[in-house]
Structure formats: C-alpha cells, structure tokens
Amino acid sequence: MLIAPETPVRDIAVAIPSTIPALERLGIDYCCGGQHTLAEACANRNIALTPAIEELEQYQQQEGTPAEMHWIHAPLKELTEYIVQKHHAYTRRQLALIDDLMAKVEKRHGADHLELFHLGKVVAVFAAELRHHTECEEANLFPYIAALGTGCLPELPAPAKGSLTMPVTRMMTDHDQTGDELRTLRALTKNYTPPTAACASWRGLYRAMEELEADLHRHIHLENNILFVRALEQAREQSTASDPA
Ligand SMILES: [Fe+2]
Ligand SMILES: [Fe+2]
C-alpha cells in the first residue's frame with residue numbers, strides 16, 4: 001500500500017496495523033478522526049508530513065501481526081467477542097484501578113493540590129460514561145451485529161426501527177466524546193507527567209490512565225474502522241438482496 005499525503009489515516013491503520021505504534025507515537029488520531037487524510041492529520045498536530053510518511057514506511061516494512069489482520073475478514077461475531085473479552089474487560093479492570101488510585105491520591109494530596117479534586121470529577125464522569133457505553137454495546141448493538149446473516153436478528157431498541165445506522169451513529173458519537181475527554185485528561189495531567197515529588201500512587205494513577213488511553217485508541221479503531229464499517233456493509237447487502245425487484 002502506498003502511504004500518500006491524501007491517504008485517510010484510518011485506511012493506513014486498517015491495511016497496515018504494524019503502523020499503529022507509529023501513529024500513536026506521532027499523536028495522530030486514527031480512531032475517531034480516522035477519516036482525515038495524513039496531510040490533514042499532520043497539519044492538525046503541527047508536525048512535518050515528509051518525516052511522518054518516512055516513519056510510517058519504516059513500520060510498514062514490519063508485517064502486521066496475524067491477529068490484527070484477521071479482523072478484516074473474520075466473522076463479525078468473532079470480532080464482537082474479541083472486543084468484549086479483550087477491550088471491554090480491560091476497560092472495566094483499568095477503570096476500577098483508576099477509581100481506587102484517584103481516591104487515594106485525592107485523600108493524601110488533595111489538601112495541597114486542589115486541582116486533584118477537579119481531575120477526580122472529570123475522571124468520574126469519564127468512567128461512568130465509558131461503563132454505560134460498553135454495557136449498551138454488549139446489550140444491544142453487538143448481539144445484533146453478531147446475528148447479521150443468520151436470518152434471526154434480535155430486536156434493536158426503539159427508535160432504531162430495525163436499522164443499524166442509528167445505533168452505530170450513536171456509538172460513534174460516544175466515541176468522539178471519549179476522544180474529547182481523553183484530550184482533556186491529557187491536558188489536565190500535563191501529558192500524564194506527575195510532579196517530581198509525586199508518590200507511587202500518583203505515578204501509578206497517571207500510568208494507568210495513559211495505558212487506558214492507548215488501549216481505547218485500538219478499541220475504538222476496531223469498532224469505528226472495522227466492525228461498524230463491515231456490519232453496515234453487510235446489513236446493506238442483506239437489505240438489497242431481500243428487496244423485491
Ligand atoms: Fe467497545
Ligand atoms: Fe464503543
């Protein structure tokens with residue numbers, strides 16, 4: 001695949017998953033903002049285009065791992081199960097850890113660092129929304145996507161009226177919001193840099209938040225750029241095939 005200035009970033013991440021660590025390092029948004037071209041993404045980040053292309057080409061030499069390439073063709077049911085078992089389970093574990101560490105750090109250092117209480121509130125809202133979002137995907141959308149092509153589709157909750165477009169759009173809007181919140185958290189924590197004298201819990205809190213951010217990028221990329229795109233395509237093909245001529 002040719003990596004050109006006009007290539008949409010999500011196409012690079014889907015076709016050459018070995019470039020994802022480079023996209024992460026460059027701070028290029030390939031999950032929520034994946035529709036932007038590489039030139040636009042570099043301009044948004046204020047980074048030079050040519051060195052970015054060269055770095056991506058170096059990562060392109062390494063082959064994408066079979067696990068990542070697999071999802072372009074694997075049954076959608078398998079992909080929904082993978083996302084739930086790997087990314088949703090990790091998100092829940094990591095949010096529980098972040099809750100504990102946040103409470104500890106607020107209690108020990110809040111009196112001297114009042115900004116920690118504001119961070120704690122932002123983290124609490126972010127965590128509640130993320131838990132609700134993963135529950136919605138597991139309760140409604142993923143079972144529907146997993147059943148596409150089986151001839152036995154479950155009901156989608158109102159007002160979707162049997163159309164996949166509305167719930168997918170809703171989940172993608174949530175993803176955009178998650179992306180905004182991650183940027184806010186990054187700004188509030190100065191790119192997850194604890195103060196020099198920070199205790200182990202404070203350092204652990206920032207490390208846990210940064211790890212969750214990296215996992216969410218891959219998680220949302222799998223949903224926005226692969227799962228939802230393939231599911232909408234399959235639903236469209238099915239409705240065309242069942243339409244009387
Ligand atoms: Fe998800
Ligand atoms: Fe999601």
# chains A, B, ... in the order shown; residues from 1 in each chain; ligands from 1
>>> closest_atom_pairs(of="chain A", to="ligand 2", cutoff="7 Å", atoms="only C-alpha atoms and all ligand atoms", output="Markdown table")
| residue | atom | partner | partner_atom_place_in_ligand_line | distance |
| --- | --- | --- | --- | --- |
| A:His133 | CA | ligand 2 | 1 (Fe) | 6.4 |
| A:Thr134 | CA | ligand 2 | 1 (Fe) | 6.2 |
| A:Glu137 | CA | ligand 2 | 1 (Fe) | 6.7 |
| A:Met171 | CA | ligand 2 | 1 (Fe) | 5.8 |
| A:His175 | CA | ligand 2 | 1 (Fe) | 6.1 |
| A:Ile220 | CA | ligand 2 | 1 (Fe) | 5.8 |
| A:Glu223 | CA | ligand 2 | 1 (Fe) | 6.2 |
>>> closest_atom_pairs(of="chain A", to="ligand 1", cutoff="10 Å", atoms="only C-alpha atoms and all ligand atoms", output="CSV")
residue,atom,partner,partner_atom_place_in_ligand_line,distance
A:Thr80,CA,ligand 1,1 (Fe),8.6
A:Ile83,CA,ligand 1,1 (Fe),6.4
A:Val84,CA,ligand 1,1 (Fe),6.9
A:Lys86,CA,ligand 1,1 (Fe),9.8
A:His87,CA,ligand 1,1 (Fe),6.9
A:His88,CA,ligand 1,1 (Fe),6.0
A:Ala89,CA,ligand 1,1 (Fe),9.8
A:Thr91,CA,ligand 1,1 (Fe),9.0
A:Leu130,CA,ligand 1,1 (Fe),8.8
A:Arg131,CA,ligand 1,1 (Fe),9.6
A:His133,CA,ligand 1,1 (Fe),7.3
A:Thr134,CA,ligand 1,1 (Fe),5.2
A:Glu135,CA,ligand 1,1 (Fe),8.6
A:Cys136,CA,ligand 1,1 (Fe),9.0
A:Glu137,CA,ligand 1,1 (Fe),6.4
A:Glu138,CA,ligand 1,1 (Fe),8.1
A:Phe142,CA,ligand 1,1 (Fe),9.1
A:Met171,CA,ligand 1,1 (Fe),8.7
A:His175,CA,ligand 1,1 (Fe),8.9
A:Leu216,CA,ligand 1,1 (Fe),8.5
A:His219,CA,ligand 1,1 (Fe),6.3
A:Ile220,CA,ligand 1,1 (Fe),6.6
A:His221,CA,ligand 1,1 (Fe),9.7
A:Leu222,CA,ligand 1,1 (Fe),8.6
A:Glu223,CA,ligand 1,1 (Fe),6.7
A:Asn224,CA,ligand 1,1 (Fe),9.5
>>> residues_around(residues="segment 17-28 of chain A", least_positions_apart="3", cutoff="9 Å", atoms="only C-alpha atoms", output="mmCIF file with N, CA, C and O atoms, in the first residue's frame")
data_model
loop_
_atom_site.group_PDB
_atom_site.id
_atom_site.type_symbol
_atom_site.label_atom_id
_atom_site.label_comp_id
_atom_site.auth_asym_id
_atom_site.auth_seq_id
_atom_site.Cartn_x
_atom_site.Cartn_y
_atom_site.Cartn_z
ATOM 1 N N VAL A 9 -6.214 8.431 7.253
ATOM 2 C CA VAL A 9 -5.429 7.786 8.304
ATOM 3 C C VAL A 9 -6.011 6.423 8.667
ATOM 4 O O VAL A 9 -5.276 5.462 8.914
ATOM 5 N N ILE A 12 -4.784 3.602 6.548
ATOM 6 C CA ILE A 12 -3.422 3.160 6.878
ATOM 7 C C ILE A 12 -3.484 2.193 8.069
ATOM 8 O O ILE A 12 -2.898 1.115 8.047
ATOM 9 N N ALA A 13 -4.257 2.578 9.109
ATOM 10 C CA ALA A 13 -4.326 1.746 10.318
ATOM 11 C C ALA A 13 -4.981 0.394 10.041
ATOM 12 O O ALA A 13 -4.585 -0.624 10.613
ATOM 13 N N VAL A 14 -5.982 0.387 9.139
ATOM 14 C CA VAL A 14 -6.681 -0.879 8.836
ATOM 15 C C VAL A 14 -5.796 -1.779 7.981
ATOM 16 O O VAL A 14 -5.644 -2.968 8.261
ATOM 17 N N GLY A 33 -10.788 10.317 14.536
ATOM 18 C CA GLY A 33 -10.525 11.266 13.441
ATOM 19 C C GLY A 33 -9.910 10.571 12.236
ATOM 20 O O GLY A 33 -9.227 11.212 11.434
ATOM 21 N N GLY A 34 -10.158 9.265 12.099
ATOM 22 C CA GLY A 34 -9.514 8.477 11.053
ATOM 23 C C GLY A 34 -9.896 8.843 9.637
ATOM 24 O O GLY A 34 -9.230 8.448 8.684
ATOM 25 N N LEU A 38 -3.743 11.928 5.789
ATOM 26 C CA LEU A 38 -2.499 12.017 6.569
ATOM 27 C C LEU A 38 -1.999 13.460 6.601
ATOM 28 O O LEU A 38 -1.540 13.942 7.645
ATOM 29 N N ALA A 41 -4.065 15.333 9.115
ATOM 30 C CA ALA A 41 -3.755 14.898 10.488
ATOM 31 C C ALA A 41 -2.423 15.505 10.952
ATOM 32 O O ALA A 41 -2.314 15.939 12.104
ATOM 33 N N CYS A 42 -1.433 15.531 10.050
ATOM 34 C CA CYS A 42 -0.131 16.109 10.419
ATOM 35 C C CYS A 42 -0.276 17.612 10.659
ATOM 36 O O CYS A 42 0.310 18.160 11.602
ATOM 37 N N ASN A 44 -2.979 19.131 11.675
ATOM 38 C CA ASN A 44 -3.680 19.291 12.957
ATOM 39 C C ASN A 44 -2.730 19.159 14.142
ATOM 40 O O ASN A 44 -2.891 19.809 15.162
ATOM 41 N N ARG A 45 -1.755 18.246 13.998
ATOM 42 C CA ARG A 45 -0.793 18.015 15.090
ATOM 43 C C ARG A 45 0.398 18.953 15.021
ATOM 44 O O ARG A 45 1.271 18.906 15.882
ATOM 45 N N ILE A 47 2.861 18.790 12.833
ATOM 46 C CA ILE A 47 4.102 18.032 12.617
ATOM 47 C C ILE A 47 4.361 17.939 11.118
ATOM 48 O O ILE A 47 3.433 18.023 10.309
ATOM 49 N N ALA A 52 6.937 12.150 8.792
ATOM 50 C CA ALA A 52 5.883 11.255 9.294
ATOM 51 C C ALA A 52 5.673 10.101 8.314
ATOM 52 O O ALA A 52 5.565 8.935 8.718
ATOM 53 N N GLU A 55 8.529 7.686 8.626
ATOM 54 C CA GLU A 55 8.433 6.839 9.824
ATOM 55 C C GLU A 55 7.394 5.738 9.618
ATOM 56 O O GLU A 55 7.628 4.580 9.955
ATOM 57 N N LEU A 56 6.252 6.098 9.026
ATOM 58 C CA LEU A 56 5.207 5.099 8.782
ATOM 59 C C LEU A 56 5.697 4.027 7.806
ATOM 60 O O LEU A 56 5.406 2.845 7.972
ATOM 61 N N GLU A 57 6.481 4.453 6.817
ATOM 62 C CA GLU A 57 7.006 3.482 5.841
ATOM 63 C C GLU A 57 7.969 2.498 6.506
ATOM 64 O O GLU A 57 8.013 1.329 6.152
ATOM 65 N N GLN A 58 8.701 3.001 7.505
ATOM 66 C CA GLN A 58 9.611 2.083 8.226
ATOM 67 C C GLN A 58 8.810 1.018 8.959
ATOM 68 O O GLN A 58 9.159 -0.153 8.956
ATOM 69 N N TYR A 59 7.709 1.432 9.587
ATOM 70 C CA TYR A 59 6.862 0.468 10.309
ATOM 71 C C TYR A 59 6.147 -0.460 9.324
ATOM 72 O O TYR A 59 5.813 -1.585 9.665
ATOM 73 N N GLN A 60 5.916 0.046 8.101
ATOM 74 C CA GLN A 60 5.233 -0.759 7.083
ATOM 75 C C GLN A 60 6.085 -1.975 6.722
ATOM 76 O O GLN A 60 5.547 -3.018 6.328
ATOM 77 N N GLN A 61 7.421 -1.832 6.843
ATOM 78 C CA GLN A 61 8.298 -2.959 6.493
ATOM 79 C C GLN A 61 8.014 -4.161 7.397
ATOM 80 O O GLN A 61 8.132 -5.295 6.976
ATOM 81 N N GLN A 62 7.628 -3.873 8.666
ATOM 82 C CA GLN A 62 7.290 -4.990 9.556
ATOM 83 C C GLN A 62 5.873 -5.405 9.205
ATOM 84 O O GLN A 62 5.024 -4.561 9.003
ATOM 85 N N GLU A 63 5.644 -6.701 9.143
ATOM 86 C CA GLU A 63 4.284 -7.143 8.775
ATOM 87 C C GLU A 63 3.338 -6.967 9.943
ATOM 88 O O GLU A 63 3.728 -7.097 11.090
ATOM 89 N N GLY A 64 2.075 -6.676 9.629
ATOM 90 C CA GLY A 64 1.055 -6.614 10.664
ATOM 91 C C GLY A 64 0.914 -7.986 11.291
ATOM 92 O O GLY A 64 1.082 -8.992 10.608
ATOM 93 N N THR A 65 0.657 -8.010 12.601
ATOM 94 C CA THR A 65 0.546 -9.330 13.236
ATOM 95 C C THR A 65 -0.700 -10.013 12.696
ATOM 96 O O THR A 65 -1.692 -9.357 12.383
ATOM 97 N N GLU A 68 -4.102 -8.944 14.124
ATOM 98 C CA GLU A 68 -4.705 -7.676 13.699
ATOM 99 C C GLU A 68 -5.277 -7.763 12.285
ATOM 100 O O GLU A 68 -6.351 -7.238 12.006
ATOM 101 N N MET A 69 -4.551 -8.453 11.384
ATOM 102 C CA MET A 69 -5.019 -8.575 10.002
ATOM 103 C C MET A 69 -6.292 -9.427 9.918
ATOM 104 O O MET A 69 -7.112 -9.254 9.038
ATOM 105 N N ALA A 214 -4.225 4.431 25.528
ATOM 106 C CA ALA A 214 -3.655 3.695 24.382
ATOM 107 C C ALA A 214 -4.573 2.537 23.993
ATOM 108 O O ALA A 214 -4.805 2.279 22.802
ATOM 109 N N HIS A 217 -7.669 3.752 22.119
ATOM 110 C CA HIS A 217 -7.419 4.094 20.710
ATOM 111 C C HIS A 217 -7.576 2.846 19.841
ATOM 112 O O HIS A 217 -8.237 2.876 18.804
ATOM 113 N N ARG A 218 -6.979 1.737 20.278
ATOM 114 C CA ARG A 218 -7.066 0.498 19.486
ATOM 115 C C ARG A 218 -8.488 -0.054 19.489
ATOM 116 O O ARG A 218 -8.990 -0.550 18.478
#
>>> select_by_dssp(residues="segment 38-233 of chain A", states="helix (DSSP H, G or I)", output="MDAnalysis selection string")
chainID A and resid 38:45 49:61 66:70 76:109 115:147 165:188 200:233
>>> closest_residue(among="A:Trp202, A:Met1, A:Ala124, A:Asp215", to="Lys107 of chain A", atoms="only C-alpha atoms")
A:Trp202
>>> residues_around(residues="Pro8 of chain A", least_positions_apart="5", cutoff="6 Å", atoms="only C-alpha atoms", output="JSON, numbers by chain")
{"A": [35, 36, 37, 38]}
>>> write_last_selection(atoms="N, CA and C atoms", output="PDB file, in the first residue's frame")
ATOM      1  N   GLN A  35     -10.980   9.612   9.479  1.00  0.00           N
ATOM      2  CA  GLN A  35     -11.401   9.996   8.115  1.00  0.00           C
ATOM      3  C   GLN A  35     -10.498  11.083   7.525  1.00  0.00           C
ATOM      4  N   HIS A  36      -9.704  11.753   8.371  1.00  0.00           N
ATOM      5  CA  HIS A  36      -8.813  12.798   7.862  1.00  0.00           C
ATOM      6  C   HIS A  36      -7.664  12.193   7.069  1.00  0.00           C
ATOM      7  N   THR A  37      -7.193  12.933   6.065  1.00  0.00           N
ATOM      8  CA  THR A  37      -6.035  12.463   5.314  1.00  0.00           C
ATOM      9  C   THR A  37      -4.795  12.615   6.197  1.00  0.00           C
ATOM     10  N   LEU A  38      -3.743  11.928   5.789  1.00  0.00           N
ATOM     11  CA  LEU A  38      -2.499  12.017   6.569  1.00  0.00           C
ATOM     12  C   LEU A  38      -1.999  13.460   6.601  1.00  0.00           C
TER      13      LEU A  38
END
>>> atom_distance(atom1="atom CA of Leu116 of chain A", atom2="atom CA of Glu129 of chain A")
20.0 Å
